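One file, entry.pdb, is given below (PDB, C-alpha atoms).
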```
MODEL        1
ATOM      1  CA  MET A   1     107.209 110.242  95.736
ATOM      2  CA  SER A   2     109.102 112.661  93.582
ATOM      3  CA  ARG A   3     107.442 114.595  90.785
ATOM      4  CA  ASN A   4     109.834 113.216  88.190
ATOM      5  CA  TYR A   5     109.031 109.581  87.440
ATOM      6  CA  SER A   6     112.105 107.405  87.056
ATOM      7  CA  PRO A   7     111.815 103.906  85.595
ATOM      8  CA  ASP A   8     112.657 100.938  87.821
ATOM      9  CA  GLN A   9     115.831 100.217  85.880
ATOM     10  CA  VAL A  10     117.166 103.719  86.562
ATOM     11  CA  LEU A  11     116.312 103.421  90.235
ATOM     12  CA  ALA A  12     117.951  99.972  90.406
ATOM     13  CA  ASP A  13     121.124 101.447  88.863
ATOM     14  CA  ARG A  14     121.076 104.240  91.424
ATOM     15  CA  LEU A  15     120.452 101.704  94.184
ATOM     16  CA  MET A  16     123.645  99.897  93.191
ATOM     17  CA  GLN A  17     125.482 103.161  93.843
ATOM     18  CA  ASP A  18     124.068 103.256  97.416
ATOM     19  CA  ASP A  19     121.474 105.881  96.589
ATOM     20  CA  THR A  20     119.051 105.841  99.521
ATOM     21  CA  VAL A  21     116.609 108.187  97.752
ATOM     22  CA  ALA A  22     116.218 105.616  94.961
ATOM     23  CA  PHE A  23     115.705 102.881  97.530
ATOM     24  CA  GLU A  24     112.948 104.824  99.278
ATOM     25  CA  GLU A  25     111.349 105.631  95.935
ATOM     26  CA  LEU A  26     111.250 101.900  95.130
ATOM     27  CA  TYR A  27     109.883 101.170  98.569
ATOM     28  CA  ARG A  28     107.065 103.700  98.155
ATOM     29  CA  ARG A  29     106.310 102.319  94.712
ATOM     30  CA  TYR A  30     105.999  98.662  95.689
ATOM     31  CA  TRP A  31     105.392  98.279  99.417
ATOM     32  CA  HIS A  32     101.636  98.488  99.234
ATOM     33  CA  SER A  33     101.126  95.917  96.493
ATOM     34  CA  LEU A  34     103.439  93.492  98.325
ATOM     35  CA  PHE A  35     101.705  94.192 101.596
ATOM     36  CA  SER A  36      98.162  93.772 100.305
ATOM     37  CA  TYR A  37      99.090  90.559  98.482
ATOM     38  CA  SER A  38     100.580  89.058 101.660
ATOM     39  CA  TYR A  39      97.741  90.383 103.773
ATOM     40  CA  ASN A  40      95.098  88.854 101.499
ATOM     41  CA  LYS A  41      96.885  85.521 101.578
ATOM     42  CA  LEU A  42      97.793  85.291 105.264
ATOM     43  CA  HIS A  43      94.957  87.352 106.783
ATOM     44  CA  ASN A  44      97.379  88.846 109.257
ATOM     45  CA  VAL A  45      98.819  92.369 109.309
ATOM     46  CA  ASP A  46     101.925  91.435 111.302
ATOM     47  CA  ASP A  47     102.890  88.606 108.954
ATOM     48  CA  ALA A  48     102.385  90.822 105.899
ATOM     49  CA  ARG A  49     104.411  93.570 107.511
ATOM     50  CA  LYS A  50     107.242  91.165 108.314
ATOM     51  CA  ILE A  51     107.296  89.945 104.703
ATOM     52  CA  VAL A  52     107.521  93.480 103.255
ATOM     53  CA  ARG A  53     110.244  94.394 105.730
ATOM     54  CA  THR A  54     112.309  91.291 104.943
ATOM     55  CA  ILE A  55     111.986  91.738 101.168
ATOM     56  CA  PHE A  56     113.212  95.332 101.275
ATOM     57  CA  ILE A  57     115.997  94.555 103.762
ATOM     58  CA  ASP A  58     117.182  91.799 101.394
ATOM     59  CA  LEU A  59     116.948  94.207  98.453
ATOM     60  CA  TRP A  60     119.116  96.780 100.245
ATOM     61  CA  GLU A  61     121.631  94.220 101.448
ATOM     62  CA  GLY A  62     121.890  92.556  98.051
ATOM     63  CA  ARG A  63     122.054  95.800  96.058
ATOM     64  CA  LYS A  64     125.666  95.254  94.994
ATOM     65  CA  SER A  65     124.849  91.960  93.317
ATOM     66  CA  ILE A  66     121.952  93.144  91.176
ATOM     67  CA  PRO A  67     122.355  91.603  87.700
ATOM     68  CA  ALA A  68     122.390  93.764  84.567
ATOM     69  CA  THR A  69     119.108  92.377  83.230
ATOM     70  CA  PHE A  70     117.304  92.841  86.502
ATOM     71  CA  SER A  71     113.546  93.185  86.533
ATOM     72  CA  LEU A  72     112.592  94.571  89.884
ATOM     73  CA  SER A  73     108.895  93.816  89.611
ATOM     74  CA  ASN A  74     109.602  90.179  88.681
ATOM     75  CA  HIS A  75     112.093  89.876  91.508
ATOM     76  CA  LEU A  76     109.681  91.299  94.091
ATOM     77  CA  TYR A  77     106.828  89.170  92.776
ATOM     78  CA  THR A  78     108.882  85.979  93.114
ATOM     79  CA  GLN A  79     110.127  87.002  96.543
ATOM     80  CA  VAL A  80     106.668  87.732  97.905
ATOM     81  CA  ARG A  81     105.249  84.430  96.652
ATOM     82  CA  THR A  82     108.047  82.428  98.264
ATOM     83  CA  ALA A  83     107.797  84.465 101.470
ATOM     84  CA  VAL A  84     104.040  83.891 101.681
ATOM     85  CA  VAL A  85     104.464  80.115 101.315
ATOM     86  CA  LYS A  86     107.247  80.114 103.944
ATOM     87  CA  ALA A  87     105.176  82.211 106.341
ATOM     88  CA  LEU A  88     102.164  79.935 105.953
ATOM     89  CA  GLU A  89     104.327  76.867 106.466
ATOM     90  CA  GLU A  90     105.764  78.346 109.687
ATOM     91  CA  LYS A  91     102.309  79.357 110.818
ATOM     92  CA  LEU A  92     100.944  75.866 110.297
ATOM     93  CA  LEU A  93     103.886  74.361 112.136
ATOM     94  CA  ALA A  94     103.331  76.639 115.107
ATOM     95  CA  ILE A  95      99.630  75.948 115.414
ATOM     96  CA  SER A  96      99.441  72.359 114.280
ATOM     97  CA  ALA A  97      97.811  71.420 117.590
ATOM     98  CA  GLU A  98      94.938  73.903 117.370
ATOM     99  CA  GLU A  99      93.488  73.823 113.892
ATOM    100  CA  SER A 100      90.831  76.490 114.153
ATOM    101  CA  CYS A 101      93.134  79.513 113.633
ATOM    102  CA  THR A 102      93.820  78.723 109.999
ATOM    103  CA  ASP A 103      90.370  77.551 108.955
ATOM    104  CA  GLU A 104      89.923  80.536 106.648
ATOM    105  CA  ILE A 105      93.205  79.867 104.879
ATOM    106  CA  LEU A 106      92.553  76.128 104.646
ATOM    107  CA  GLU A 107      89.233  76.810 102.938
ATOM    108  CA  GLU A 108      91.104  78.696 100.219
ATOM    109  CA  PHE A 109      92.901  75.483  99.276
ATOM    110  CA  THR A 110      89.712  73.637  98.398
ATOM    111  CA  ALA A 111      89.063  72.867  94.726
ATOM    112  CA  THR A 112      86.069  75.227  94.508
ATOM    113  CA  ALA A 113      88.021  78.133  95.956
ATOM    114  CA  LEU A 114      90.932  77.510  93.607
ATOM    115  CA  GLN A 115      88.593  77.553  90.608
ATOM    116  CA  LYS A 116      88.458  81.323  91.076
ATOM    117  CA  ALA A 117      92.124  81.552  90.105
ATOM    118  CA  LYS A 118      91.232  80.321  86.624
ATOM    119  CA  GLU A 119      88.452  82.841  86.145
ATOM    120  CA  PRO A 120      89.344  86.003  84.248
ATOM    121  CA  GLN A 121      89.702  89.080  86.392
ATOM    122  CA  VAL A 122      86.863  91.511  85.942
ATOM    123  CA  LYS A 123      87.852  95.080  86.452
ATOM    124  CA  LYS A 124      85.668  96.840  88.951
ATOM    125  CA  TYR A 125      83.591  99.576  87.380
ATOM    126  CA  GLU A 126      83.933 102.825  89.206
ATOM    127  CA  PRO A 127      81.663 105.622  88.029
ATOM    128  CA  ILE A 128      83.558 108.823  87.245
ATOM    129  CA  ARG A 129      82.774 111.549  89.720
ATOM    130  CA  HIS A 130      81.558 114.939  88.579
ATOM    131  CA  SER A 131      84.429 116.600  90.421
ATOM    132  CA  GLU A 132      86.894 114.510  88.384
ATOM    133  CA  ILE A 133      85.191 115.477  85.090
ATOM    134  CA  ARG A 134      85.277 119.144  86.130
ATOM    135  CA  ARG A 135      88.951 118.840  87.047
ATOM    136  CA  GLN A 136      89.813 117.297  83.681
ATOM    137  CA  GLN A 137      87.852 119.984  81.853
ATOM    138  CA  THR A 138      89.688 122.665  83.804
ATOM    139  CA  ILE A 139      93.023 121.140  82.836
ATOM    140  CA  TYR A 140      91.912 120.954  79.191
ATOM    141  CA  ASN A 141      90.688 124.562  79.197
ATOM    142  CA  THR A 142      93.856 125.781  80.908
ATOM    143  CA  ASP A 143      95.949 123.935  78.332
ATOM    144  CA  LYS A 144      93.932 125.526  75.516
ATOM    145  CA  GLU A 145      94.355 128.993  77.030
ATOM    146  CA  GLN A 146      98.081 128.443  77.511
ATOM    147  CA  ALA A 147      98.419 127.219  73.935
ATOM    148  CA  GLY A 148      96.609 130.369  72.752
ATOM    149  CA  ILE A 149      98.915 132.635  74.762
ATOM    150  CA  TYR A 150     101.940 130.727  73.451
ATOM    151  CA  MET A 151     100.785 131.199  69.858
ATOM    152  CA  HIS A 152     100.276 134.936  70.455
ATOM    153  CA  VAL A 153     103.734 135.360  71.960
ATOM    154  CA  LYS A 154     105.261 133.344  69.128
ATOM    155  CA  TRP A 155     103.498 135.514  66.557
ATOM    156  CA  LEU A 156     104.669 138.670  68.371
ATOM    157  CA  PHE A 157     108.280 137.486  68.344
ATOM    158  CA  GLN A 158     108.089 136.557  64.676
ATOM    159  CA  ALA A 159     106.608 139.969  63.863
ATOM    160  CA  LEU A 160     109.363 141.711  65.835
ATOM    161  CA  ASN A 161     111.989 139.559  64.186
ATOM    162  CA  ASN A 162     110.668 140.433  60.740
ATOM    163  CA  LYS A 163     110.578 144.151  61.659
ATOM    164  CA  ILE A 164     114.176 144.143  62.908
ATOM    165  CA  TYR A 165     115.677 142.288  59.961
ATOM    166  CA  SER A 166     113.584 143.888  57.217
TER     167      SER A 166
ATOM    168  CA  MET B 167      92.026  69.928 104.316
ATOM    169  CA  LYS B 168      93.874  69.112 107.496
ATOM    170  CA  THR B 169      96.529  71.495 108.767
ATOM    171  CA  GLN B 170      99.168  68.770 108.894
ATOM    172  CA  ILE B 171      98.560  67.662 105.320
ATOM    173  CA  LEU B 172      98.856  71.217 104.049
ATOM    174  CA  HIS B 173     101.950  71.787 106.147
ATOM    175  CA  LYS B 174     103.656  68.763 104.632
ATOM    176  CA  ARG B 175     102.678  69.856 101.136
ATOM    177  CA  LEU B 176     104.092  73.336 101.703
ATOM    178  CA  GLU B 177     107.256  71.878 103.141
ATOM    179  CA  ARG B 178     107.718  69.681 100.087
ATOM    180  CA  TYR B 179     106.972  72.645  97.790
ATOM    181  CA  LEU B 180     109.628  74.783  99.476
ATOM    182  CA  ARG B 181     112.172  71.969  99.198
ATOM    183  CA  GLY B 182     111.262  71.503  95.533
ATOM    184  CA  GLU B 183     110.026  67.957  96.151
ATOM    185  CA  ALA B 184     106.296  68.517  95.618
ATOM    186  CA  THR B 185     104.395  66.457  93.068
ATOM    187  CA  PRO B 186     103.126  68.331  89.985
ATOM    188  CA  ALA B 187      99.571  68.243  91.373
ATOM    189  CA  GLU B 188     100.701  69.720  94.691
ATOM    190  CA  SER B 189     102.714  72.417  92.948
ATOM    191  CA  ARG B 190      99.717  73.293  90.774
ATOM    192  CA  GLN B 191      97.479  73.537  93.829
ATOM    193  CA  ILE B 192      99.854  75.860  95.680
ATOM    194  CA  GLN B 193     100.518  77.962  92.593
ATOM    195  CA  ALA B 194      96.785  78.259  91.957
ATOM    196  CA  TRP B 195      96.335  79.471  95.535
ATOM    197  CA  LEU B 196      99.166  81.983  95.076
ATOM    198  CA  SER B 197      97.657  83.256  91.825
ATOM    199  CA  CYS B 198      94.149  83.600  93.191
ATOM    200  CA  THR B 199      93.763  87.311  93.897
ATOM    201  CA  THR B 200      89.995  87.633  93.992
ATOM    202  CA  GLU B 201      89.889  88.655  97.639
ATOM    203  CA  ASP B 202      90.401  92.287  98.384
ATOM    204  CA  ARG B 203      90.995  93.299 101.969
ATOM    205  CA  GLU B 204      91.869  96.961 101.931
ATOM    206  CA  LEU B 205      93.345  99.102 104.654
ATOM    207  CA  THR B 206      92.057 102.538 105.471
ATOM    208  CA  ALA B 207      94.066 105.528 104.226
ATOM    209  CA  GLU B 208      95.292 106.345 107.748
ATOM    210  CA  GLU B 209      96.390 102.767 108.401
ATOM    211  CA  ARG B 210      98.125 102.686 105.050
ATOM    212  CA  SER B 211     100.147 105.837 105.613
ATOM    213  CA  ARG B 212     100.978 104.796 109.184
ATOM    214  CA  LEU B 213     102.165 101.370 108.036
ATOM    215  CA  GLU B 214     104.211 102.869 105.204
ATOM    216  CA  ILE B 215     106.161 105.012 107.663
ATOM    217  CA  GLU B 216     106.453 102.281 110.287
ATOM    218  CA  ILE B 217     107.771  99.612 107.928
ATOM    219  CA  LEU B 218     110.265 102.055 106.406
ATOM    220  CA  SER B 219     111.527 103.033 109.843
ATOM    221  CA  GLU B 220     111.902  99.338 110.743
ATOM    222  CA  ILE B 221     113.952  98.805 107.575
ATOM    223  CA  GLN B 222     116.066 101.866 108.414
ATOM    224  CA  ALA B 223     116.599 100.589 111.951
ATOM    225  CA  HIS B 224     117.662  97.179 110.688
ATOM    226  CA  THR B 225     119.964  98.258 107.871
ATOM    227  CA  ALA B 226     121.068 101.593 109.409
ATOM    228  CA  TYR B 227     121.438 103.030 105.914
ATOM    229  CA  PRO B 228     120.619 106.617 106.947
ATOM    230  CA  LEU B 229     123.747 106.508 109.156
ATOM    231  CA  PHE B 230     126.066 105.027 106.562
ATOM    232  CA  TYR B 231     124.668 106.890 103.563
ATOM    233  CA  PRO B 232     123.128 110.156 104.780
ATOM    234  CA  GLN B 233     121.077 112.022 102.187
ATOM    235  CA  LYS B 234     122.800 115.068 100.758
ATOM    236  CA  GLN B 235     120.959 118.327 101.244
ATOM    237  CA  LYS B 236     119.781 119.756  97.935
ATOM    238  CA  PRO B 237     120.841 123.308  97.075
ATOM    239  CA  TRP B 238     118.097 125.914  97.654
ATOM    240  CA  TRP B 239     117.513 126.529  93.933
ATOM    241  CA  GLN B 240     116.792 122.831  93.358
ATOM    242  CA  LYS B 241     114.286 122.821  96.225
ATOM    243  CA  ILE B 242     112.477 125.802  94.679
ATOM    244  CA  ALA B 243     112.597 124.262  91.197
ATOM    245  CA  ALA B 244     111.052 121.030  92.575
ATOM    246  CA  LEU B 245     107.987 123.000  93.657
ATOM    247  CA  PHE B 246     107.096 123.868  90.051
TER     248      PHE B 246
ENDMDL
END
```
Serialized structure, structure tokens:
Amino acid sequence: MSRNYSPDQVLADRLMQDDTVAFEELYRRYWHSLFSYSYNKLHNVDDARKIVRTIFIDLWEGRKSIPATFSLSNHLYTQVRTAVVKALEEKLLAISAEESCTDEILEEFTATALQKAKEPQVKKYEPIRHSEIRRQQTIYNTDKEQAGIYMHVKWLFQALNNKIYS
Amino acid sequence: MKTQILHKRLERYLRGEATPAESRQIQAWLSCTTEDRELTAEERSRLEIEILSEIQAHTAYPLFYPQKQKPWWQKIAALF
């Protein structure tokens, strides 16, 4: 990932001009969320991997027909949902004879399991580590020191300026 | 739920012929993100590279659109 953050819209515009750097930046930005969503739904690394690969291949191949009001996150979200349903449908077709393989997934379709979808998401509480607090304090102190140096230099230049023109 | 019943429901959903109740059930399943199976950091970085190389092999974009080498001053500037 580059140090300079570019918004999705800028990267999508660059993608339309065959910019491979922009494409890889988008890939690095979104692949993991798409992968973990598919993986959590299908419980299979290979299926999730195939979905991510197909979505990004389609994005590259359809780059010339990206509409002006294109929301990349919405597009990827829709794509991954459809791909997950398709993959599950294919999976069920392939193993319709032996039902045990998809027991875990089938359980997720029960009414009690689906109730969870209606529950509000509770953000996991992660205690802040001491190292992180120290790091933030260091940044703050460094910023303060730099601001002090900047003020001194500015004052020096103003003093010199006054001396020269007076 | 039986595999065959679910399969038929999914098929109908993909064709856009599912009943509202079936659509709601599938959409609720798609929206349910309470599970959290995480990969290890090594697996994650390995997969990131592997999937990208598969995409590159399929589309062959590095051949058709090779990345331009940045001038040396831009490489140095990127370090700061």
- Give the residues of chain B that lie within 10 Å of chain A; count all atoms listed in the file, and format the answer as a VMD selection string. chain B and resid 167 to 177 179 to 180 191 to 205 210 to 211 213 to 222 224 to 225 227 to 228 230 to 234 244 to 246
- Could you state the separation of atom CA of Ala22 of chain A and atom CA of Gln9 of chain A in Å, given to one decimal place?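 Spanning atom CA of Ala22 of chain A to atom CA of Gln9 of chain A is a straight-line distance of 10.6 Å.
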- Correct to one decimal, the distance atom CA of Ser65 of chain A-atom CA of Met16 of chain A is 8.0 Å
- What does the distance between atom CA of Arg29 of chain A and atom CA of Val10 of chain A come to in Å, to one decimal place?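 Answer for the atom CA of Arg29 of chain A to atom CA of Val10 of chain A separation: 13.6 Å.
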Since the input is missing atoms, can you rebuild N, CA and C atoms for segment 216-232 of chain B and write them as a PDB file, keeping the file's coordinate frame?
```pdb
ATOM      1  N   GLU B 216     105.945 103.224 109.280  1.00  0.00           N
ATOM      2  CA  GLU B 216     106.453 102.281 110.287  1.00  0.00           C
ATOM      3  C   GLU B 216     107.366 101.227 109.673  1.00  0.00           C
ATOM      4  N   ILE B 217     106.938 100.662 108.550  1.00  0.00           N
ATOM      5  CA  ILE B 217     107.771  99.612 107.928  1.00  0.00           C
ATOM      6  C   ILE B 217     109.094 100.210 107.453  1.00  0.00           C
ATOM      7  N   LEU B 218     109.018 101.422 106.874  1.00  0.00           N
ATOM      8  CA  LEU B 218     110.265 102.055 106.406  1.00  0.00           C
ATOM      9  C   LEU B 218     111.207 102.323 107.576  1.00  0.00           C
ATOM     10  N   SER B 219     110.647 102.767 108.701  1.00  0.00           N
ATOM     11  CA  SER B 219     111.527 103.033 109.843  1.00  0.00           C
ATOM     12  C   SER B 219     112.113 101.733 110.408  1.00  0.00           C
ATOM     13  N   GLU B 220     111.359 100.644 110.315  1.00  0.00           N
ATOM     14  CA  GLU B 220     111.902  99.338 110.743  1.00  0.00           C
ATOM     15  C   GLU B 220     113.051  98.911 109.834  1.00  0.00           C
ATOM     16  N   ILE B 221     112.883  99.156 108.533  1.00  0.00           N
ATOM     17  CA  ILE B 221     113.952  98.805 107.575  1.00  0.00           C
ATOM     18  C   ILE B 221     115.190  99.665 107.866  1.00  0.00           C
ATOM     19  N   GLN B 222     114.941 100.946 108.130  1.00  0.00           N
ATOM     20  CA  GLN B 222     116.066 101.866 108.414  1.00  0.00           C
ATOM     21  C   GLN B 222     116.779 101.449 109.699  1.00  0.00           C
ATOM     22  N   ALA B 223     115.991 101.014 110.686  1.00  0.00           N
ATOM     23  CA  ALA B 223     116.599 100.589 111.951  1.00  0.00           C
ATOM     24  C   ALA B 223     117.424  99.321 111.753  1.00  0.00           C
ATOM     25  N   HIS B 224     116.958  98.444 110.900  1.00  0.00           N
ATOM     26  CA  HIS B 224     117.662  97.179 110.688  1.00  0.00           C
ATOM     27  C   HIS B 224     118.926  97.358 109.857  1.00  0.00           C
ATOM     28  N   THR B 225     118.811  98.128 108.780  1.00  0.00           N
ATOM     29  CA  THR B 225     119.964  98.258 107.871  1.00  0.00           C
ATOM     30  C   THR B 225     120.879  99.425 108.252  1.00  0.00           C
ATOM     31  N   ALA B 226     120.335 100.381 108.991  1.00  0.00           N
ATOM     32  CA  ALA B 226     121.068 101.593 109.409  1.00  0.00           C
ATOM     33  C   ALA B 226     121.609 102.377 108.223  1.00  0.00           C
ATOM     34  N   TYR B 227     120.916 102.319 107.087  1.00  0.00           N
ATOM     35  CA  TYR B 227     121.438 103.030 105.914  1.00  0.00           C
ATOM     36  C   TYR B 227     121.450 104.560 106.053  1.00  0.00           C
ATOM     37  N   PRO B 228     120.518 105.157 106.825  1.00  0.00           N
ATOM     38  CA  PRO B 228     120.619 106.617 106.947  1.00  0.00           C
ATOM     39  C   PRO B 228     121.913 107.071 107.643  1.00  0.00           C
ATOM     40  N   LEU B 229     122.497 106.167 108.471  1.00  0.00           N
ATOM     41  CA  LEU B 229     123.747 106.508 109.156  1.00  0.00           C
ATOM     42  C   LEU B 229     124.937 106.379 108.215  1.00  0.00           C
ATOM     43  N   PHE B 230     124.924 105.283 107.445  1.00  0.00           N
ATOM     44  CA  PHE B 230     126.066 105.027 106.562  1.00  0.00           C
ATOM     45  C   PHE B 230     126.028 105.865 105.279  1.00  0.00           C
ATOM     46  N   TYR B 231     124.808 106.122 104.815  1.00  0.00           N
ATOM     47  CA  TYR B 231     124.668 106.890 103.563  1.00  0.00           C
ATOM     48  C   TYR B 231     123.678 108.043 103.784  1.00  0.00           C
ATOM     49  N   PRO B 232     124.069 109.059 104.536  1.00  0.00           N
ATOM     50  CA  PRO B 232     123.128 110.156 104.780  1.00  0.00           C
ATOM     51  C   PRO B 232     122.774 110.886 103.487  1.00  0.00           C
TER      52      PRO B 232
END
```
